[in-house]
>>> print(open('run20.txt').read())   # compact mmCIF, C-alpha atoms
# COMPACT_ATOMS: atom_id res chain seq x y z
CA MET A 69 165.65 169.59 242.80
CA LYS A 70 165.90 173.36 242.66
CA VAL A 71 167.50 175.26 239.80
CA VAL A 72 168.86 178.71 240.65
CA THR A 73 170.43 181.12 238.22
CA THR A 74 171.32 184.08 240.45
CA ILE A 75 173.83 184.54 243.24
CA ALA A 76 171.12 186.00 245.45
CA ALA A 77 168.93 182.90 245.08
CA LEU A 78 171.87 180.59 245.70
CA SER A 79 172.91 182.55 248.80
CA ALA A 80 169.41 182.24 250.25
CA GLU A 81 169.53 178.45 249.85
CA ILE A 82 173.00 178.20 251.36
CA GLN A 83 172.12 180.38 254.34
CA ALA A 84 169.05 178.24 255.04
CA ALA A 85 171.22 175.12 254.96
CA LYS A 86 173.77 176.69 257.30
CA ILE A 87 171.08 177.74 259.78
CA ASN A 88 169.92 174.12 259.85
CA GLU A 89 173.53 172.93 260.28
CA LYS A 90 173.48 170.90 257.07
CA THR A 91 176.69 169.69 255.46
CA ILE A 92 177.12 170.86 251.88
CA GLY A 93 178.77 168.99 249.02
CA LEU A 94 179.81 171.03 245.97
CA VAL A 95 180.27 169.50 242.52
CA PRO A 96 181.65 172.14 240.12
CA THR A 97 181.08 171.35 236.43
CA MET A 98 180.95 173.02 233.04
CA GLY A 99 177.95 170.92 232.13
CA TYR A 100 177.36 168.49 229.27
CA LEU A 101 177.31 165.91 232.01
CA HIS A 102 178.59 162.36 231.62
CA GLU A 103 179.14 159.45 233.97
CA GLY A 104 182.27 161.04 235.40
CA HIS A 105 180.31 164.05 236.64
CA LEU A 106 177.54 161.83 237.95
CA THR A 107 180.05 159.77 239.91
CA LEU A 108 181.17 162.98 241.63
CA ALA A 109 177.56 163.85 242.44
CA GLN A 110 176.92 160.36 243.81
CA ALA A 111 179.97 160.66 246.06
CA ALA A 112 178.70 164.02 247.28
CA ARG A 113 175.24 162.58 247.87
CA ALA A 114 176.68 159.80 250.05
CA GLU A 115 178.57 162.20 252.31
CA ASN A 116 176.46 165.36 252.63
CA ASP A 117 173.03 166.62 253.61
CA LEU A 118 172.82 169.03 250.66
CA VAL A 119 174.38 168.55 247.22
CA VAL A 120 175.00 171.62 245.05
CA MET A 121 176.13 171.22 241.45
CA SER A 122 177.29 174.22 239.45
CA ILE A 123 176.83 174.18 235.68
CA PHE A 124 178.80 177.05 234.20
CA VAL A 125 181.05 177.21 231.14
CA ASN A 126 183.67 179.54 232.55
CA PRO A 127 185.06 181.95 229.94
CA THR A 128 188.08 183.01 232.00
CA GLN A 129 189.75 179.62 231.61
CA PHE A 130 189.56 179.58 227.81
CA GLY A 131 192.33 181.07 225.69
CA PRO A 132 191.66 183.29 222.65
CA ASN A 133 191.85 180.39 220.19
CA GLU A 134 190.09 177.80 222.34
CA ASP A 135 186.60 176.34 222.14
CA PHE A 136 184.50 178.48 224.53
CA GLU A 137 181.76 179.24 222.01
CA SER A 138 181.63 175.70 220.65
CA TYR A 139 181.98 173.95 224.02
CA PRO A 140 179.04 171.51 224.18
CA ARG A 141 176.02 172.65 226.19
CA ASP A 142 172.71 170.93 226.92
CA LEU A 143 171.20 172.32 230.12
CA PRO A 144 167.83 170.47 229.97
CA HIS A 145 169.62 167.12 229.62
CA ASP A 146 172.07 168.09 232.37
CA LEU A 147 169.25 168.94 234.76
CA ALA A 148 167.57 165.58 234.19
CA LEU A 149 170.82 163.74 234.86
CA ALA A 150 171.61 165.83 237.96
CA GLU A 151 168.18 165.11 239.40
CA SER A 152 168.57 161.39 238.68
CA VAL A 153 171.57 161.14 241.03
CA GLY A 154 170.09 163.16 243.85
CA VAL A 155 171.47 166.65 243.34
CA ASP A 156 169.47 169.10 245.49
CA ILE A 157 170.43 172.43 243.89
CA VAL A 158 171.80 173.22 240.45
CA PHE A 159 173.45 176.63 240.17
CA ALA A 160 173.40 177.61 236.48
CA PRO A 161 174.31 181.30 236.22
CA SER A 162 174.98 183.41 233.16
CA VAL A 163 178.42 184.86 232.49
CA GLU A 164 177.05 188.29 233.41
CA GLU A 165 175.79 186.94 236.74
CA MET A 166 179.15 185.43 237.63
CA TYR A 167 181.28 188.31 236.37
CA PRO A 168 179.26 191.53 236.64
CA HIS A 169 182.39 193.57 237.38
CA ASP A 170 186.10 193.32 236.63
CA GLY A 171 188.30 195.17 239.04
CA GLY A 172 191.41 193.48 237.66
CA ILE A 173 192.15 191.40 240.77
CA ARG A 174 193.29 187.86 239.97
CA ILE A 175 194.50 184.71 241.66
CA HIS A 176 197.61 183.52 239.83
CA ALA A 177 198.46 179.84 239.79
CA GLY A 178 202.05 179.12 240.79
CA LYS A 179 204.79 176.87 239.43
CA GLN A 180 202.42 173.90 239.13
CA ALA A 181 200.75 175.71 236.22
CA ASN A 182 203.94 175.94 234.13
CA VAL A 183 203.97 172.27 233.08
CA LEU A 184 201.59 169.77 231.45
CA CYS A 185 198.40 171.47 230.21
CA GLY A 186 199.46 174.79 231.69
CA ALA A 187 202.56 174.99 229.52
CA SER A 188 200.48 175.38 226.36
CA ARG A 189 197.53 177.20 227.98
CA PRO A 190 198.93 180.30 229.70
CA GLY A 191 196.39 181.83 232.06
CA HIS A 192 194.11 178.79 231.96
CA PHE A 193 194.58 177.83 235.58
CA ASP A 194 194.30 181.45 236.70
CA GLY A 195 190.79 181.33 235.25
CA VAL A 196 190.08 177.99 236.91
CA LEU A 197 191.12 179.34 240.31
CA GLN A 198 189.06 182.47 239.76
CA VAL A 199 185.81 180.60 239.21
CA VAL A 200 186.49 177.90 241.81
CA ALA A 201 187.28 180.48 244.48
CA LYS A 202 184.01 182.25 243.68
CA LEU A 203 182.08 178.98 243.87
CA PHE A 204 183.71 178.12 247.19
CA HIS A 205 182.68 181.48 248.64
CA LEU A 206 179.16 181.30 247.23
CA THR A 207 178.36 177.73 248.28
CA GLN A 208 180.45 177.49 251.48
CA PRO A 209 180.85 173.73 251.00
CA THR A 210 181.81 171.25 253.66
CA ARG A 211 183.34 169.15 250.89
CA ALA A 212 184.12 169.81 247.22
CA TYR A 213 184.37 167.05 244.63
CA PHE A 214 186.76 166.87 241.69
CA GLY A 215 187.76 164.19 239.20
CA GLN A 216 191.26 162.77 239.00
CA LYS A 217 191.14 163.02 235.20
CA ASP A 218 192.05 166.70 235.61
CA ALA A 219 194.97 165.83 237.90
CA GLN A 220 196.91 169.06 237.36
CA GLN A 221 193.79 171.08 238.08
CA VAL A 222 193.18 169.07 241.26
CA ALA A 223 196.76 169.66 242.45
CA ILE A 224 196.53 173.40 241.82
CA ILE A 225 193.12 173.79 243.48
CA ALA A 226 194.31 171.74 246.47
CA THR A 227 197.27 174.08 246.80
CA MET A 228 194.96 177.12 246.78
CA VAL A 229 192.72 175.50 249.41
CA ARG A 230 195.76 174.82 251.60
CA ASP A 231 197.55 178.13 251.14
CA PHE A 232 194.45 180.33 251.37
CA ASN A 233 192.90 178.36 254.26
CA PHE A 234 189.60 177.58 252.57
CA PRO A 235 187.51 175.83 255.26
CA LEU A 236 186.55 172.75 253.25
CA GLU A 237 187.64 169.23 252.43
CA MET A 238 188.59 168.24 248.89
CA ARG A 239 187.46 164.87 247.61
CA VAL A 240 189.15 163.41 244.52
CA VAL A 241 187.24 160.72 242.61
CA PRO A 242 189.08 158.26 240.31
CA VAL A 243 188.89 158.55 236.51
CA VAL A 244 185.69 157.11 235.05
CA ARG A 245 186.29 155.21 231.83
CA GLU A 246 184.45 153.72 228.89
CA GLU A 247 184.55 149.93 228.54
CA ASP A 248 187.56 150.19 226.22
CA GLY A 249 189.49 152.35 228.70
CA LEU A 250 188.96 155.79 227.19
CA ALA A 251 188.57 158.41 229.93
CA LYS A 252 185.09 159.88 229.82
CA SER A 253 185.03 163.53 228.76
CA SER A 254 182.58 166.06 227.39
CA ARG A 255 184.98 166.51 224.48
CA ASN A 256 184.62 162.88 223.37
CA VAL A 257 181.55 163.92 221.37
CA TYR A 258 183.90 165.66 218.94
CA LEU A 259 185.61 162.39 217.96
CA SER A 260 184.87 160.93 214.55
CA GLU A 261 184.25 157.18 214.27
CA VAL A 262 187.87 156.61 213.28
CA ASP A 263 189.15 158.90 216.03
CA ARG A 264 187.03 157.13 218.62
CA LYS A 265 188.57 153.76 217.71
CA GLN A 266 192.08 155.18 218.10
CA ALA A 267 191.51 157.14 221.33
CA PRO A 268 191.81 154.20 223.80
CA ALA A 269 195.49 153.92 222.81
CA ILE A 270 196.18 156.81 225.20
CA ASN A 271 195.06 154.76 228.18
CA GLU A 272 196.97 151.73 226.88
CA ALA A 273 200.14 153.81 226.52
CA LEU A 274 199.90 155.07 230.10
CA GLU A 275 199.47 151.53 231.41
CA LEU A 276 202.58 150.39 229.55
CA ALA A 277 204.59 153.38 230.77
CA ARG A 278 203.44 152.88 234.35
CA ASP A 279 204.49 149.23 234.32
CA SER A 280 207.86 150.14 232.83
CA PHE A 281 208.54 152.83 235.44
CA LEU A 282 207.57 150.58 238.35
CA GLU A 283 209.91 147.92 236.98
CA ASN A 284 213.04 150.00 236.50
CA GLY A 285 212.40 153.58 237.66
CA ASP A 286 213.52 155.06 234.34
CA VAL A 287 211.45 158.16 233.49
CA VAL A 288 212.84 158.57 229.97
CA GLU A 289 212.20 154.95 229.02
CA ALA A 290 208.64 155.05 230.38
CA ILE A 291 207.82 158.14 228.35
CA GLU A 292 209.40 156.66 225.23
CA ILE A 293 207.28 153.51 225.55
CA ALA A 294 204.10 155.57 225.78
CA THR A 295 205.17 157.79 222.88
CA VAL A 296 205.85 154.86 220.57
CA HIS A 297 202.56 153.17 221.46
CA ILE A 298 200.52 156.27 220.60
CA ALA A 299 202.53 157.01 217.46
CA THR A 300 202.09 153.50 216.08
CA ARG A 301 198.43 153.05 216.95
CA THR A 302 196.95 156.46 216.21
CA ASN A 303 197.20 159.34 213.79
CA GLY A 304 197.28 161.61 216.81
CA LYS A 305 199.62 164.45 217.68
CA ILE A 306 201.14 164.27 221.14
CA ASP A 307 201.00 167.53 223.09
CA TYR A 308 202.89 166.05 226.02
CA ILE A 309 203.61 162.87 227.93
CA GLU A 310 205.25 163.57 231.28
CA LEU A 311 206.05 161.78 234.51
CA LEU A 312 206.37 164.12 237.50
CA ALA A 313 206.35 164.04 241.28
CA TYR A 314 202.83 164.56 242.59
CA PRO A 315 201.28 166.85 243.75
CA ASP A 316 204.15 169.35 243.40
CA LEU A 317 204.55 168.62 239.65
CA ILE A 318 208.34 168.78 239.75
CA PRO A 319 210.90 166.34 238.33
CA VAL A 320 211.08 162.91 239.95
CA THR A 321 213.94 162.41 242.43
CA ASP A 322 215.11 159.52 244.59
CA ASP A 323 212.92 160.90 247.39
CA THR A 324 209.73 161.01 245.31
CA GLU A 325 206.96 158.87 246.81
CA GLN A 326 204.03 159.55 244.47
CA VAL A 327 204.07 160.34 240.76
CA LEU A 328 201.75 161.58 238.06
CA LEU A 329 202.03 160.05 234.60
CA ALA A 330 200.01 162.29 232.31
CA ALA A 331 199.34 162.69 228.61
CA ALA A 332 197.57 165.11 226.32
CA VAL A 333 197.05 163.98 222.73
CA TYR A 334 195.20 165.48 219.80
CA ILE A 335 193.15 162.73 218.19
CA GLY A 336 191.82 164.38 215.06
CA ASN A 337 191.08 167.93 216.22
CA THR A 338 190.14 166.87 219.75
CA ARG A 339 192.57 167.30 222.62
CA LEU A 340 192.23 164.41 225.06
CA ILE A 341 193.90 164.11 228.47
CA ASP A 342 194.44 161.12 230.72
CA ASN A 343 196.69 160.17 233.62
CA ARG A 344 197.79 157.72 236.26
CA ILE A 345 198.69 158.66 239.82
CA PHE A 346 200.56 155.96 241.70
CA ASN A 347 203.09 155.32 244.44
CA VAL A 348 206.67 154.67 243.37
CA LYS A 349 206.86 151.58 245.62
CA GLU A 350 203.75 149.93 244.14
CA GLY A 351 205.81 147.50 242.11
CA LEU A 352 207.81 146.23 245.11
>>> encode(input="run20.txt", output="structure tokens")
Amino acid sequence: MKVVTTIAALSAEIQAAKINEKTIGLVPTMGYLHEGHLTLAQAARAENDLVVMSIFVNPTQFGPNEDFESYPRDLPHDLALAESVGVDIVFAPSVEEMYPHDGGIRIHAGKQANVLCGASRPGHFDGVLQVVAKLFHLTQPTRAYFGQKDAQQVAIIATMVRDFNFPLEMRVVPVVREEDGLAKSSRNVYLSEVDRKQAPAINEALELARDSFLENGDVVEAIEIATVHIATRTNGKIDYIELLAYPDLIPVTDDTEQVLLAAAVYIGNTRLIDNRIFNVKEGL
């Protein structure tokens, strides 16, 4: 496995792969790898000649009061894990390498960014699109791999790929969970012992809400069921629980075929997200 830290070194590797007509799988990450990331890498390994993983904590997607400086980092451990699942190249640049200049040009996320996580994190998805667009240009992937856990992010990136004609395929890998159902996340390390015991209630609440919606199609009732479950089984603070048409992230109508049921909950001081994506007719 090669580790490159400069755009010039990465470009040389990519050009060599292109000359040899190799397919390229890109796995963008912010590091502190867990099984969810490794599942993405394994999917990329199965479908591509060359697997490139980026490890970069992107400052442009963090707000002024968010956890950029304290975001967990462990590059040596990440490299060992990446190599263990067959990653060929890890691109681990510095902030200065990725953003040497700022001419003020931005990609602005559209209406999909005004709900769910985007509603309380203005500018977050602009920063996500900025770094992902750069990574797409730098790695020229045949396929790019993302986790369903960040369902809003996936929908927004897919829209950019479609509307800006990026020549790649997006692969979305299902949520990877702990044995008790908690969605795996780099932020789980922040949970205290008590918090960790309460956190699986988020997944339980979404299951209950999903079953309720499939039974009677009532959005309000489904959200209320999830809200009560979290409120009675945790000390957490709910940021949002929403059920929206997917991938457009608009209110559900009679014509909606696929929906996203998503939640963000503060357990202790840690903001956890989880979701379900399912077809409206699944219960029939």
>>> atom_distance(input="run20.txt", atom1="CA of Arg211 (chain A)", atom2="CA of Ile225 (chain A)")
13.1 Å
>>> residues_around(input="run20.txt", residues="Leu203 (chain A)", least_positions_apart="3", cutoff="10 Å", atoms="only C-alpha atoms", output="VMD selection string")
chain A and resid 75 94 to 96 122 159 166 197 to 200 206 to 209 212
>>> closest_residue(input="run20.txt", among="A:Gln129, A:Ser152, A:Thr73, A:Thr210", to="Glu164 (chain A)", atoms="all atoms listed in the file")
A:Thr73
>>> closest_residue(input="run20.txt", among="A:Ala160, A:Val72, A:Ile335, A:Ile224", to="Ile175 (chain A)", atoms="all atoms listed in the file")
A:Ile224
>>> residues_around(input="run20.txt", residues="Tyr308 (chain A)", least_positions_apart="2", cutoff="9 Å", atoms="only C-alpha atoms", output="list of chain:residue names")
A:Leu184, A:Cys185, A:Ile306, A:Glu310, A:Ala330, A:Ala331, A:Ala332, A:Val333
>>> closest_residue(input="run20.txt", among="A:Asp170, A:Glu350, A:Asp286, A:Asp279", to="Gln326 (chain A)", atoms="all atoms listed in the file")
A:Glu350
>>> closest_residue(input="run20.txt", among="A:Val229, A:Ala219, A:Asp342, A:Val240", to="Glu275 (chain A)", atoms="all atoms listed in the file")
A:Asp342
>>> atom_distance(input="run20.txt", atom1="CA of Leu250 (chain A)", atom2="CA of Tyr100 (chain A)")
17.3 Å
>>> atom_distance(input="run20.txt", atom1="CA of Phe346 (chain A)", atom2="CA of Ala114 (chain A)")
25.6 Å
>>> residues_around(input="run20.txt", residues="Gly285 (chain A)", least_positions_apart="2", cutoff="12 Å", atoms="all atoms listed in the file", output="ChimeraX atom specification")
/A:277-283,287-291,311,320-322,324-325,327,347-352
>>> residues_around(input="run20.txt", residues="His145 (chain A)", least_positions_apart="2", cutoff="12 Å", atoms="all atoms listed in the file", output="list of chain:residue names")
A:Gly99, A:Tyr100, A:Leu101, A:His102, A:Ile123, A:Pro140, A:Arg141, A:Asp142, A:Leu143, A:Leu147, A:Ala148, A:Leu149, A:Ala150, A:Glu151, A:Ser152
>>> residues_near_point(input="run20.txt", point="(192.1, 166.3, 243.0)", cutoff="12 Å", atoms="only C-alpha atoms", output="NGL selection string")
:A and (108 or 212-229 or 237-243 or 314-315 or 328 or 345)
>>> closest_residue(input="run20.txt", among="A:Ala181, A:Ile173, A:Ile92, A:Ala313", to="Leu236 (chain A)", atoms="only C-alpha atoms")
A:Ile92
>>> axis_aligned_box(input="run20.txt", around="region 119-130 of chain A", padding_each_side="3 Å", output="JSON")
{"center_x": 182.1, "center_y": 175.8, "center_z": 237.5, "size_x": 21.4, "size_y": 20.5, "size_z": 25.4}
